[in-house]
Each structure stands twice: as C-alpha cells, then as structure tokens.
$ cat query_6.cif   # mmCIF, C-alpha atoms and all ligand atoms
data_final
loop_
_atom_site.label_atom_id
_atom_site.label_comp_id
_atom_site.auth_asym_id
_atom_site.auth_seq_id
_atom_site.Cartn_x
_atom_site.Cartn_y
_atom_site.Cartn_z
CA MET A 25 14.88 -52.18 -73.38
CA ARG A 26 11.78 -51.08 -71.62
CA GLY A 27 9.50 -52.19 -68.85
CA GLU A 28 9.81 -55.43 -66.91
CA ALA A 29 12.11 -57.05 -69.45
CA ALA A 30 14.73 -54.39 -68.74
CA GLN A 31 14.69 -54.76 -64.96
CA PRO A 32 16.70 -57.99 -64.58
CA VAL A 33 19.30 -56.80 -67.05
CA GLN A 34 19.51 -53.42 -65.34
CA ALA A 35 19.99 -55.14 -62.00
CA TRP A 36 22.69 -57.31 -63.59
CA VAL A 37 24.40 -54.22 -64.96
CA ASP A 38 24.09 -52.50 -61.56
CA TYR A 39 25.64 -55.48 -59.86
CA PHE A 40 28.63 -55.53 -62.20
CA ARG A 41 29.02 -51.79 -61.77
CA ASP A 42 29.12 -52.43 -58.03
CA LEU A 43 31.96 -54.81 -58.79
CA GLY A 44 33.75 -51.98 -60.57
CA ILE A 45 33.03 -53.24 -64.10
CA HIS A 46 31.67 -50.55 -66.37
CA ASP A 47 32.74 -51.43 -69.92
CA PHE A 48 29.82 -53.31 -71.38
CA TYR A 49 29.98 -51.76 -74.87
CA ARG A 50 32.50 -52.21 -77.61
CA PRO A 51 34.29 -48.94 -78.37
CA GLY A 52 32.62 -47.26 -81.31
CA GLY A 53 29.91 -49.84 -81.57
CA PRO A 54 26.29 -48.81 -81.54
CA ALA A 55 25.11 -50.88 -78.62
CA PRO A 56 26.31 -54.46 -78.58
CA LEU A 57 27.27 -55.83 -75.22
CA ALA A 58 30.51 -57.69 -74.88
CA GLY A 59 30.16 -61.44 -75.21
CA ASP A 60 29.37 -63.44 -72.11
CA GLU A 61 32.80 -64.99 -72.02
CA ALA A 62 34.51 -61.65 -72.25
CA LEU A 63 32.24 -60.24 -69.60
CA GLU A 64 32.85 -63.14 -67.29
CA ALA A 65 36.56 -62.83 -67.86
CA ALA A 66 36.31 -59.17 -66.97
CA ALA A 67 34.36 -60.02 -63.85
CA THR A 68 36.86 -62.62 -62.75
CA PRO A 69 39.82 -61.36 -60.79
CA ALA A 70 43.04 -62.45 -62.43
CA ALA A 71 44.23 -63.87 -59.15
CA MET A 72 41.17 -66.04 -58.70
CA ALA A 73 42.16 -69.57 -57.83
CA PRO A 74 40.19 -72.53 -59.16
CA LEU A 75 37.35 -73.42 -56.82
CA ASP A 76 37.78 -76.55 -54.76
CA LEU A 77 34.64 -78.42 -55.72
CA ALA A 78 34.46 -81.39 -53.43
CA PRO A 79 32.48 -84.19 -55.05
CA LEU A 80 29.25 -84.74 -53.19
CA PRO A 81 26.38 -87.06 -53.97
CA GLY A 82 23.60 -85.36 -55.87
CA PRO A 83 20.56 -83.98 -54.10
CA ALA A 84 18.14 -86.46 -52.65
CA PRO A 85 15.01 -86.99 -54.72
CA VAL A 86 12.42 -84.42 -53.86
CA PRO A 87 8.99 -85.89 -53.18
CA ALA A 88 6.71 -85.00 -56.07
CA ALA A 89 4.42 -82.27 -54.87
CA SER A 90 2.55 -79.68 -56.81
CA MET A 91 2.94 -75.96 -56.29
CA PRO A 92 -0.41 -75.76 -54.43
CA ASP A 93 0.57 -78.69 -52.20
CA ARG A 94 3.85 -77.10 -51.24
CA ALA A 95 2.24 -73.70 -50.74
CA ALA A 96 -0.30 -75.35 -48.44
CA ALA A 97 2.48 -77.15 -46.57
CA LEU A 98 4.33 -73.87 -46.06
CA LEU A 99 1.13 -72.25 -44.83
CA ALA A 100 0.73 -75.10 -42.35
CA ILE A 101 4.20 -74.37 -40.98
CA ARG A 102 3.32 -70.68 -40.70
CA ASN A 103 0.18 -71.60 -38.85
CA ASP A 104 2.18 -73.81 -36.49
CA ILE A 105 4.42 -70.86 -35.70
CA GLY A 106 1.40 -68.75 -34.86
CA ASP A 107 2.12 -65.79 -32.59
CA CYS A 108 5.24 -67.59 -31.46
CA THR A 109 6.71 -67.13 -27.99
CA ARG A 110 9.05 -70.12 -28.08
CA CYS A 111 12.26 -68.12 -27.66
CA PRO A 112 13.34 -64.82 -26.09
CA LEU A 113 13.11 -62.93 -29.38
CA ALA A 114 9.33 -62.93 -28.95
CA TYR A 115 9.84 -60.44 -26.13
CA ALA A 116 12.61 -58.36 -27.68
CA GLY A 117 10.50 -55.81 -29.52
CA ARG A 118 9.59 -57.71 -32.67
CA ARG A 119 6.75 -56.28 -34.71
CA LYS A 120 6.22 -59.00 -37.31
CA ILE A 121 7.32 -62.59 -37.64
CA VAL A 122 9.24 -62.87 -40.91
CA PHE A 123 8.40 -66.29 -42.26
CA GLY A 124 9.84 -66.51 -45.78
CA ASP A 125 9.30 -65.32 -49.31
CA GLY A 126 9.39 -66.80 -52.79
CA SER A 127 8.46 -69.83 -54.81
CA PRO A 128 7.35 -72.99 -52.94
CA THR A 129 9.03 -74.99 -55.73
CA ALA A 130 12.25 -73.00 -55.92
CA ARG A 131 15.38 -74.79 -57.10
CA LEU A 132 17.48 -72.25 -55.21
CA MET A 133 17.05 -71.09 -51.63
CA PHE A 134 18.85 -68.29 -49.80
CA VAL A 135 19.11 -68.35 -46.02
CA GLY A 136 20.19 -65.34 -44.02
CA GLU A 137 20.61 -64.64 -40.34
CA GLY A 138 17.53 -62.78 -39.15
CA PRO A 139 15.21 -59.88 -39.92
CA GLY A 140 16.39 -56.29 -39.68
CA ALA A 141 14.30 -53.20 -39.08
CA ASP A 142 12.75 -53.06 -42.56
CA GLU A 143 11.94 -56.75 -42.54
CA ASP A 144 10.49 -56.50 -39.02
CA ALA A 145 8.22 -53.70 -40.21
CA GLN A 146 7.07 -55.42 -43.40
CA GLY A 147 7.13 -59.08 -42.39
CA VAL A 148 9.14 -60.00 -45.50
CA PRO A 149 12.80 -61.11 -45.57
CA PHE A 150 15.48 -59.04 -47.30
CA VAL A 151 13.53 -55.91 -48.21
CA GLY A 152 15.99 -53.26 -46.96
CA LYS A 153 19.28 -52.17 -48.51
CA ALA A 154 20.78 -55.63 -48.07
CA GLY A 155 17.68 -57.03 -49.69
CA GLN A 156 18.10 -54.75 -52.67
CA LEU A 157 21.64 -56.02 -53.09
CA LEU A 158 20.41 -59.61 -52.79
CA ASN A 159 17.81 -58.87 -55.47
CA ASN A 160 20.59 -57.62 -57.75
CA MET A 161 22.68 -60.71 -57.02
CA ILE A 162 19.70 -62.93 -57.90
CA ALA A 163 19.08 -60.99 -61.11
CA ALA A 164 22.77 -61.27 -62.01
CA MET A 165 22.34 -65.04 -61.79
CA GLY A 166 19.58 -64.84 -64.40
CA LEU A 167 16.71 -65.38 -61.98
CA ALA A 168 13.82 -63.33 -60.67
CA ARG A 169 13.39 -63.02 -56.93
CA ALA A 170 10.01 -64.74 -57.24
CA GLU A 171 11.78 -67.84 -58.60
CA VAL A 172 13.87 -68.43 -55.47
CA TYR A 173 12.93 -68.91 -51.84
CA ILE A 174 14.34 -66.68 -49.11
CA ALA A 175 14.26 -67.21 -45.36
CA ASN A 176 16.33 -66.65 -42.23
CA ILE A 177 17.65 -68.70 -39.33
CA VAL A 178 15.43 -66.76 -36.90
CA LYS A 179 12.09 -65.27 -37.82
CA CYS A 180 12.02 -62.44 -35.30
CA ARG A 181 14.34 -59.45 -35.27
CA PRO A 182 17.19 -59.65 -32.75
CA PRO A 183 17.44 -56.30 -30.95
CA ASN A 184 19.96 -53.91 -32.48
CA ASN A 185 20.56 -56.49 -35.22
CA ARG A 186 22.76 -58.55 -32.93
CA VAL A 187 23.65 -62.13 -33.82
CA PRO A 188 20.95 -64.54 -32.62
CA GLU A 189 21.81 -66.36 -29.42
CA PRO A 190 22.19 -70.14 -29.75
CA VAL A 191 18.96 -70.78 -27.85
CA GLU A 192 17.11 -68.51 -30.27
CA ALA A 193 18.64 -69.98 -33.42
CA ASN A 194 18.29 -73.57 -32.22
CA THR A 195 14.66 -73.03 -31.23
CA CYS A 196 13.63 -71.26 -34.41
CA SER A 197 15.62 -73.24 -36.97
CA GLN A 198 13.19 -76.17 -36.66
CA PHE A 199 10.77 -74.13 -38.76
CA LEU A 200 13.39 -73.27 -41.34
CA LEU A 201 14.32 -76.93 -41.70
CA ARG A 202 10.67 -77.78 -42.31
CA GLN A 203 10.52 -75.03 -44.95
CA ILE A 204 13.58 -76.50 -46.65
CA ASP A 205 12.00 -79.96 -46.63
CA VAL A 206 8.80 -78.64 -48.23
CA VAL A 207 10.48 -76.51 -50.90
CA GLY A 208 13.11 -79.15 -51.64
CA PRO A 209 15.66 -76.84 -53.27
CA GLU A 210 18.53 -78.31 -55.26
CA VAL A 211 20.89 -75.68 -53.89
CA ILE A 212 20.88 -73.65 -50.69
CA VAL A 213 23.06 -70.56 -50.34
CA ALA A 214 23.94 -69.73 -46.75
CA LEU A 215 24.37 -65.97 -46.48
CA GLY A 216 26.96 -65.34 -43.81
CA ALA A 217 28.49 -67.27 -40.94
CA THR A 218 25.38 -67.55 -38.77
CA ALA A 219 23.34 -69.20 -41.53
CA ALA A 220 26.23 -71.53 -42.34
CA THR A 221 26.73 -72.47 -38.70
CA TYR A 222 23.14 -73.49 -38.06
CA LEU A 223 22.53 -75.14 -41.43
CA LEU A 224 25.71 -77.19 -41.29
CA GLY A 225 25.94 -77.75 -37.56
CA VAL A 226 29.55 -76.64 -37.51
CA LYS A 227 31.13 -73.40 -36.44
CA GLN A 228 33.93 -72.52 -38.82
CA SER A 229 35.24 -69.38 -40.43
CA LEU A 230 33.39 -68.22 -43.51
CA GLY A 231 36.63 -68.39 -45.47
CA SER A 232 37.07 -72.06 -44.71
CA LEU A 233 33.50 -72.85 -45.79
CA ARG A 234 33.37 -70.87 -49.04
CA GLY A 235 34.33 -72.23 -52.44
CA ARG A 236 33.20 -75.81 -51.92
CA TRP A 237 29.99 -77.75 -51.62
CA HIS A 238 28.38 -78.90 -48.42
CA ALA A 239 25.29 -81.04 -47.86
CA CYS A 240 22.09 -79.94 -46.15
CA ARG A 241 18.84 -81.92 -46.09
CA GLY A 242 19.24 -83.39 -49.55
CA ALA A 243 20.44 -80.14 -51.11
CA LYS A 244 23.91 -78.94 -52.03
CA LEU A 245 24.84 -75.98 -49.90
CA ALA A 246 27.20 -73.14 -50.76
CA VAL A 247 28.38 -70.45 -48.37
CA THR A 248 28.90 -66.82 -49.27
CA TYR A 249 28.95 -63.40 -47.66
CA HIS A 250 25.81 -61.82 -46.24
CA PRO A 251 24.68 -58.89 -48.40
CA ALA A 252 24.81 -56.60 -45.34
CA PHE A 253 28.52 -57.43 -45.04
CA LEU A 254 29.00 -56.70 -48.74
CA LEU A 255 27.42 -53.28 -48.22
CA ARG A 256 29.99 -52.60 -45.52
CA ASP A 257 32.87 -54.03 -47.55
CA PRO A 258 32.08 -53.79 -51.28
CA SER A 259 35.58 -55.02 -52.12
CA GLN A 260 34.33 -58.54 -51.32
CA LYS A 261 31.61 -58.46 -54.00
CA ALA A 262 33.92 -60.08 -56.52
CA GLU A 263 34.47 -62.94 -54.08
CA ALA A 264 30.71 -63.27 -53.60
CA TRP A 265 30.31 -63.41 -57.38
CA LYS A 266 32.70 -66.37 -57.45
CA ASP A 267 30.39 -68.16 -55.02
CA LEU A 268 27.34 -67.33 -57.11
CA ARG A 269 29.08 -68.55 -60.26
CA MET A 270 29.65 -71.87 -58.54
CA VAL A 271 25.91 -72.05 -57.81
CA MET A 272 25.03 -71.02 -61.36
CA GLY A 273 27.22 -73.80 -62.72
CA GLU A 274 25.42 -76.35 -60.56
CA LEU A 275 21.97 -75.13 -61.63
CA GLY A 276 22.89 -74.54 -65.27
CA LEU A 277 22.11 -70.83 -65.00
CA LYS A 278 23.49 -68.12 -67.24
CA PRO A 279 23.40 -64.35 -66.81
CA PRO A 280 20.36 -62.64 -68.35
CA ALA A 281 20.19 -62.59 -72.14
CA ARG A 282 21.34 -59.43 -73.77
CA GLY A 283 18.88 -56.92 -75.13
S1 LIG B 301 12.55 -66.26 -33.41
FE1 LIG B 301 11.40 -68.09 -34.02
S2 LIG B 301 11.26 -69.36 -32.17
FE2 LIG B 301 11.80 -67.25 -31.52
S3 LIG B 301 9.84 -66.27 -31.09
FE3 LIG B 301 10.36 -65.78 -33.23
S4 LIG B 301 9.34 -67.37 -34.45
FE4 LIG B 301 9.38 -68.11 -32.31
#
$ encode --input "query_6.cif" --output "structure tokens" --more "lines below"
Ligand code: SF4
Amino acid sequence: MRGEAAQPVQAWVDYFRDLGIHDFYRPGGPAPLAGDEALEAAATPAAMAPLDLAPLPGPAPVPAASMPDRAAALLAIRNDIGDCTRCPLAYAGRRKIVFGDGSPTARLMFVGEGPGADEDAQGVPFVGKAGQLLNNMIAAMGLARAEVYIANIVKCRPPNNRVPEPVEANTCSQFLLRQIDVVGPEVIVALGATAATYLLGVKQSLGSLRGRWHACRGAKLAVTYHPAFLLRDPSQKAEAWKDLRMVMGELGLKPPARG
C-alpha cells in the first residue's frame, strides 16, 4: 500500500498496536490480514460484557440542507462569536478561538472539553498528541477526519488546561449547540466527562454513562474517554474501542478494507 490509501489502514494498525494487538498476519502467509471477525475477536477483551443498549427513538429528521448551506450557517455562527469576550476565558491568555473542524454534513460528531496549547496556537481542535490519537481512532472506525465534525464545549483555552468553570461552559456551549443543529449528526460522541456533562445536562461518572445511548438534540449520543486521558492511561484504550464499536454499529461502519 502506498500514498493516501495506506494512511487510514496504517492509522488503524497503529491504533490496534496501541491496544496491544500486533498479530495481523497469518503465520507463514505472504501478507494476508486476519479476517475482520478474527481481528475483532482479538481486539475484544474476553471479559467484555454485552453493552447495555437502551432503546431510544431514532434521530430526529435533519432539515434538508446542502453542504454550502450548512457551511454558510456554520460561518454565520463563527461570525456571531466574533472576537468573543462573553466569558472569563477571553481574558485568560487565549491566542485563537477554536471554533470547530470537519464536514458540515457529518454523520458523526466528536465533542471534547476545550482547546489545549496546540489547538490554541493553531485555532483548530484536536491537533496535538490527543488529536493524533483521535485521528487514529477515527481511522480505525473506517472514516477520514474530514468526514466527521469536531468541536469542544469551550472555544478558548482554559489556563493550564484546567476544566472549564460552569460559567464558561454554560456561556460558550450555546455556540456548540447551534453547530450541532446545523450539522445535524446522527451520532455524537462525548469525549470525557466535561463534554458529557454539558451535552446531557447531568453530572454523572463517566463509567455510569458509557456503554449505552443517550439523546442530544435529535442525535444519539455515546460517551467515551477523552483521548488525553487515554494517553495517560493506555490500558483504557480497549474500553474506548468498545464505545467506538457501539457507534460503528449504529452508523453501519466497518474498519478500513484490507490492502
Ligand atoms: S470560551 Fe466561548 S464564550 Fe468564552 S470567550 Fe471563548 S468563545 Fe466566548
């Protein structure tokens, strides 16, 4: 495999290697990858319990809107934000407002907590080490980053990467909710407890929210670990993969094709 076609598969392989799975080739075989089922079985911890999939009504119909219309609507939100001083994070050393990134017609949306140093410098969400891991997670799901939409609860970097204060998150999340309404994703993945808290309006442990579906603005919402947490505790990557598999099942996604 060469060039762009190899990148998603390489990211997929990297992600499974992060999970501690290295045996993609049959012993003695020239190159064939193990079958998807075998690979998934290998990626699935033996002790994994069946996911508790609470039945929820399907996503609300998304108003028909073309890609240019939705892109224009997102731009209008960005223009509304302007050089925002609506919350204290405007005066906490931010360099760039980090609006969002990805497809205006994405079926899948990821929401994190807030920008870090790299994101603050570039004005784009999830571009640092945690962003690289998120890219690999997206590729492992069989998608390109450009096919999903990525945003955060707050659009300005909290100093020292602290958790946003409620006044900051509550003030800024109005813009995120408008972004969600424009994009109209079928599934939202809340990355970490802060995103889950402000998207669901409840404060519960991440463990109690994972493994089942929630509802958010016409979309089904799943909760998983923030990539920054997974970098600190890689042993939880297998659990995060369970969450992503649940999302893949909902969206009919399969891991990237072999070869
Ligand atoms: S975090 Fe949001 S509400 Fe606060 S200053 Fe930045 S853009 Fe405005």
$ residues_around --input "query_6.cif" --residues "Arg119 of chain A" --least-positions-apart "4" --cutoff "9 Å" --atoms "only C-alpha atoms" --output "number ranges by chain"
A: 144-147, 180-181
$ write_last_selection --input "query_6.cif" --atoms "C-alpha atoms" --output "mmCIF file, in the frame of the given file"
data_model
loop_
_atom_site.group_PDB
_atom_site.id
_atom_site.type_symbol
_atom_site.label_atom_id
_atom_site.label_comp_id
_atom_site.auth_asym_id
_atom_site.auth_seq_id
_atom_site.Cartn_x
_atom_site.Cartn_y
_atom_site.Cartn_z
ATOM 1 C CA ASP A 144 10.490 -56.500 -39.020
ATOM 2 C CA ALA A 145 8.220 -53.700 -40.210
ATOM 3 C CA GLN A 146 7.070 -55.420 -43.400
ATOM 4 C CA GLY A 147 7.130 -59.080 -42.390
ATOM 5 C CA CYS A 180 12.020 -62.440 -35.300
ATOM 6 C CA ARG A 181 14.340 -59.450 -35.270
#
$ residues_around --input "query_6.cif" --residues "Pro182 of chain A" --least-positions-apart "2" --cutoff "10 Å" --atoms "all atoms listed in the file" --output "PyMOL selection string"
chain A and resi 112-118+137-141+144+178-180+184-189+192
$ write_last_selection --input "query_6.cif" --atoms "C-alpha atoms" --output "PDB file, in the coordinates of the input"
ATOM      1  CA  PRO A 112      13.340 -64.820 -26.090  1.00  0.00           C
ATOM      2  CA  LEU A 113      13.110 -62.930 -29.380  1.00  0.00           C
ATOM      3  CA  ALA A 114       9.330 -62.930 -28.950  1.00  0.00           C
ATOM      4  CA  TYR A 115       9.840 -60.440 -26.130  1.00  0.00           C
ATOM      5  CA  ALA A 116      12.610 -58.360 -27.680  1.00  0.00           C
ATOM      6  CA  GLY A 117      10.500 -55.810 -29.520  1.00  0.00           C
ATOM      7  CA  ARG A 118       9.590 -57.710 -32.670  1.00  0.00           C
ATOM      8  CA  GLU A 137      20.610 -64.640 -40.340  1.00  0.00           C
ATOM      9  CA  GLY A 138      17.530 -62.780 -39.150  1.00  0.00           C
ATOM     10  CA  PRO A 139      15.210 -59.880 -39.920  1.00  0.00           C
ATOM     11  CA  GLY A 140      16.390 -56.290 -39.680  1.00  0.00           C
ATOM     12  CA  ALA A 141      14.300 -53.200 -39.080  1.00  0.00           C
ATOM     13  CA  ASP A 144      10.490 -56.500 -39.020  1.00  0.00           C
ATOM     14  CA  VAL A 178      15.430 -66.760 -36.900  1.00  0.00           C
ATOM     15  CA  LYS A 179      12.090 -65.270 -37.820  1.00  0.00           C
ATOM     16  CA  CYS A 180      12.020 -62.440 -35.300  1.00  0.00           C
ATOM     17  CA  ASN A 184      19.960 -53.910 -32.480  1.00  0.00           C
ATOM     18  CA  ASN A 185      20.560 -56.490 -35.220  1.00  0.00           C
ATOM     19  CA  ARG A 186      22.760 -58.550 -32.930  1.00  0.00           C
ATOM     20  CA  VAL A 187      23.650 -62.130 -33.820  1.00  0.00           C
ATOM     21  CA  PRO A 188      20.950 -64.540 -32.620  1.00  0.00           C
ATOM     22  CA  GLU A 189      21.810 -66.360 -29.420  1.00  0.00           C
ATOM     23  CA  GLU A 192      17.110 -68.510 -30.270  1.00  0.00           C
TER      24      GLU A 192
END
$ residues_around --input "query_6.cif" --residues "Arg256 of chain A" --least-positions-apart "6" --cutoff "12 Å" --atoms "all atoms listed in the file" --output "NGL selection string"
:A and (153-154 or 157 or 249-250)
$ write_last_selection --input "query_6.cif" --atoms "C-alpha atoms" --output "mmCIF file, in the frame of the given file"
data_model
loop_
_atom_site.group_PDB
_atom_site.id
_atom_site.type_symbol
_atom_site.label_atom_id
_atom_site.label_comp_id
_atom_site.auth_asym_id
_atom_site.auth_seq_id
_atom_site.Cartn_x
_atom_site.Cartn_y
_atom_site.Cartn_z
ATOM 1 C CA LYS A 153 19.280 -52.170 -48.510
ATOM 2 C CA ALA A 154 20.780 -55.630 -48.070
ATOM 3 C CA LEU A 157 21.640 -56.020 -53.090
ATOM 4 C CA TYR A 249 28.950 -63.400 -47.660
ATOM 5 C CA HIS A 250 25.810 -61.820 -46.240
#
$ closest_residue --input "query_6.cif" --among "A:Val271, A:Val151, A:Ile162, A:Cys196" --to "ligand LIG 301 (chain B)" --atoms "all atoms listed in the file"
A:Cys196
$ atom_distance --input "query_6.cif" --atom1 "atom CA of Thr195 of chain A" --atom2 "atom CA of Met133 of chain A"
20.6 Å
$ closest_residue --input "query_6.cif" --among "A:Gly225, A:Gly106, A:Pro251, A:Gly273" --to "Asn159 of chain A" --atoms "only C-alpha atoms"
A:Pro251
$ closest_residue --input "query_6.cif" --among "A:Ala175, A:Met161, A:Ala130, A:Ala168" --to "ligand LIG 301 (chain B)" --atoms "only C-alpha atoms and all ligand atoms"
A:Ala175
$ residues_around --input "query_6.cif" --residues "Gly126 of chain A" --least-positions-apart "3" --cutoff "9 Å" --atoms "all atoms listed in the file" --output "PyMOL selection string"
chain A and resi 129-130+133+169-175
$ closest_residue --input "query_6.cif" --among "A:Pro279, A:Pro183, A:Gly136, A:Gly208" --to "Ala220 of chain A" --atoms "all atoms listed in the file"
A:Gly136
$ residues_around --input "query_6.cif" --residues "Val247 of chain A" --least-positions-apart "6" --cutoff "12 Å" --atoms "only C-alpha atoms" --output "ChimeraX atom specification"
/A:133-136,211-224,228-240,263-268,270-271
$ write_last_selection --input "query_6.cif" --atoms "C-alpha atoms" --output "PDB file, keeping the file's coordinate frame"
ATOM      1  CA  MET A 133      17.050 -71.090 -51.630  1.00  0.00           C
ATOM      2  CA  PHE A 134      18.850 -68.290 -49.800  1.00  0.00           C
ATOM      3  CA  VAL A 135      19.110 -68.350 -46.020  1.00  0.00           C
ATOM      4  CA  GLY A 136      20.190 -65.340 -44.020  1.00  0.00           C
ATOM      5  CA  VAL A 211      20.890 -75.680 -53.890  1.00  0.00           C
ATOM      6  CA  ILE A 212      20.880 -73.650 -50.690  1.00  0.00           C
ATOM      7  CA  VAL A 213      23.060 -70.560 -50.340  1.00  0.00           C
ATOM      8  CA  ALA A 214      23.940 -69.730 -46.750  1.00  0.00           C
ATOM      9  CA  LEU A 215      24.370 -65.970 -46.480  1.00  0.00           C
ATOM     10  CA  GLY A 216      26.960 -65.340 -43.810  1.00  0.00           C
ATOM     11  CA  ALA A 217      28.490 -67.270 -40.940  1.00  0.00           C
ATOM     12  CA  THR A 218      25.380 -67.550 -38.770  1.00  0.00           C
ATOM     13  CA  ALA A 219      23.340 -69.200 -41.530  1.00  0.00           C
ATOM     14  CA  ALA A 220      26.230 -71.530 -42.340  1.00  0.00           C
ATOM     15  CA  THR A 221      26.730 -72.470 -38.700  1.00  0.00           C
ATOM     16  CA  TYR A 222      23.140 -73.490 -38.060  1.00  0.00           C
ATOM     17  CA  LEU A 223      22.530 -75.140 -41.430  1.00  0.00           C
ATOM     18  CA  LEU A 224      25.710 -77.190 -41.290  1.00  0.00           C
ATOM     19  CA  GLN A 228      33.930 -72.520 -38.820  1.00  0.00           C
ATOM     20  CA  SER A 229      35.240 -69.380 -40.430  1.00  0.00           C
ATOM     21  CA  LEU A 230      33.390 -68.220 -43.510  1.00  0.00           C
ATOM     22  CA  GLY A 231      36.630 -68.390 -45.470  1.00  0.00           C
ATOM     23  CA  SER A 232      37.070 -72.060 -44.710  1.00  0.00           C
ATOM     24  CA  LEU A 233      33.500 -72.850 -45.790  1.00  0.00           C
ATOM     25  CA  ARG A 234      33.370 -70.870 -49.040  1.00  0.00           C
ATOM     26  CA  GLY A 235      34.330 -72.230 -52.440  1.00  0.00           C
ATOM     27  CA  ARG A 236      33.200 -75.810 -51.920  1.00  0.00           C
ATOM     28  CA  TRP A 237      29.990 -77.750 -51.620  1.00  0.00           C
ATOM     29  CA  HIS A 238      28.380 -78.900 -48.420  1.00  0.00           C
ATOM     30  CA  ALA A 239      25.290 -81.040 -47.860  1.00  0.00           C
ATOM     31  CA  CYS A 240      22.090 -79.940 -46.150  1.00  0.00           C
ATOM     32  CA  GLU A 263      34.470 -62.940 -54.080  1.00  0.00           C
ATOM     33  CA  ALA A 264      30.710 -63.270 -53.600  1.00  0.00           C
ATOM     34  CA  TRP A 265      30.310 -63.410 -57.380  1.00  0.00           C
ATOM     35  CA  LYS A 266      32.700 -66.370 -57.450  1.00  0.00           C
ATOM     36  CA  ASP A 267      30.390 -68.160 -55.020  1.00  0.00           C
ATOM     37  CA  LEU A 268      27.340 -67.330 -57.110  1.00  0.00           C
ATOM     38  CA  MET A 270      29.650 -71.870 -58.540  1.00  0.00           C
ATOM     39  CA  VAL A 271      25.910 -72.050 -57.810  1.00  0.00           C
TER      40      VAL A 271
END
$ atom_distance --input "query_6.cif" --atom1 "atom CA of Leu158 of chain A" --atom2 "atom CA of Arg131 of chain A"
16.6 Å
$ axis_aligned_box --input "query_6.cif" --around "ligand LIG 301 (chain B)" --padding-each-side "6 Å" --output "AutoDock Vina command-line options"
--center_x 10.9 --center_y -67.6 --center_z -32.8 --size_x 15.2 --size_y 15.6 --size_z 15.4
$ atom_distance --input "query_6.cif" --atom1 "atom CA of Leu245 of chain A" --atom2 "atom CA of Ile204 of chain A"
11.7 Å
$ closest_residue --input "query_6.cif" --among "A:Gln260, A:Asn103, A:Thr109, A:Gln156" --to "ligand LIG 301 (chain B)" --atoms "only C-alpha atoms and all ligand atoms"
A:Thr109
$ closest_residue --input "query_6.cif" --among "A:Val191, A:Val207, A:Ala246, A:Leu277" --to "Cys111 of chain A" --atoms "only C-alpha atoms"
A:Val191
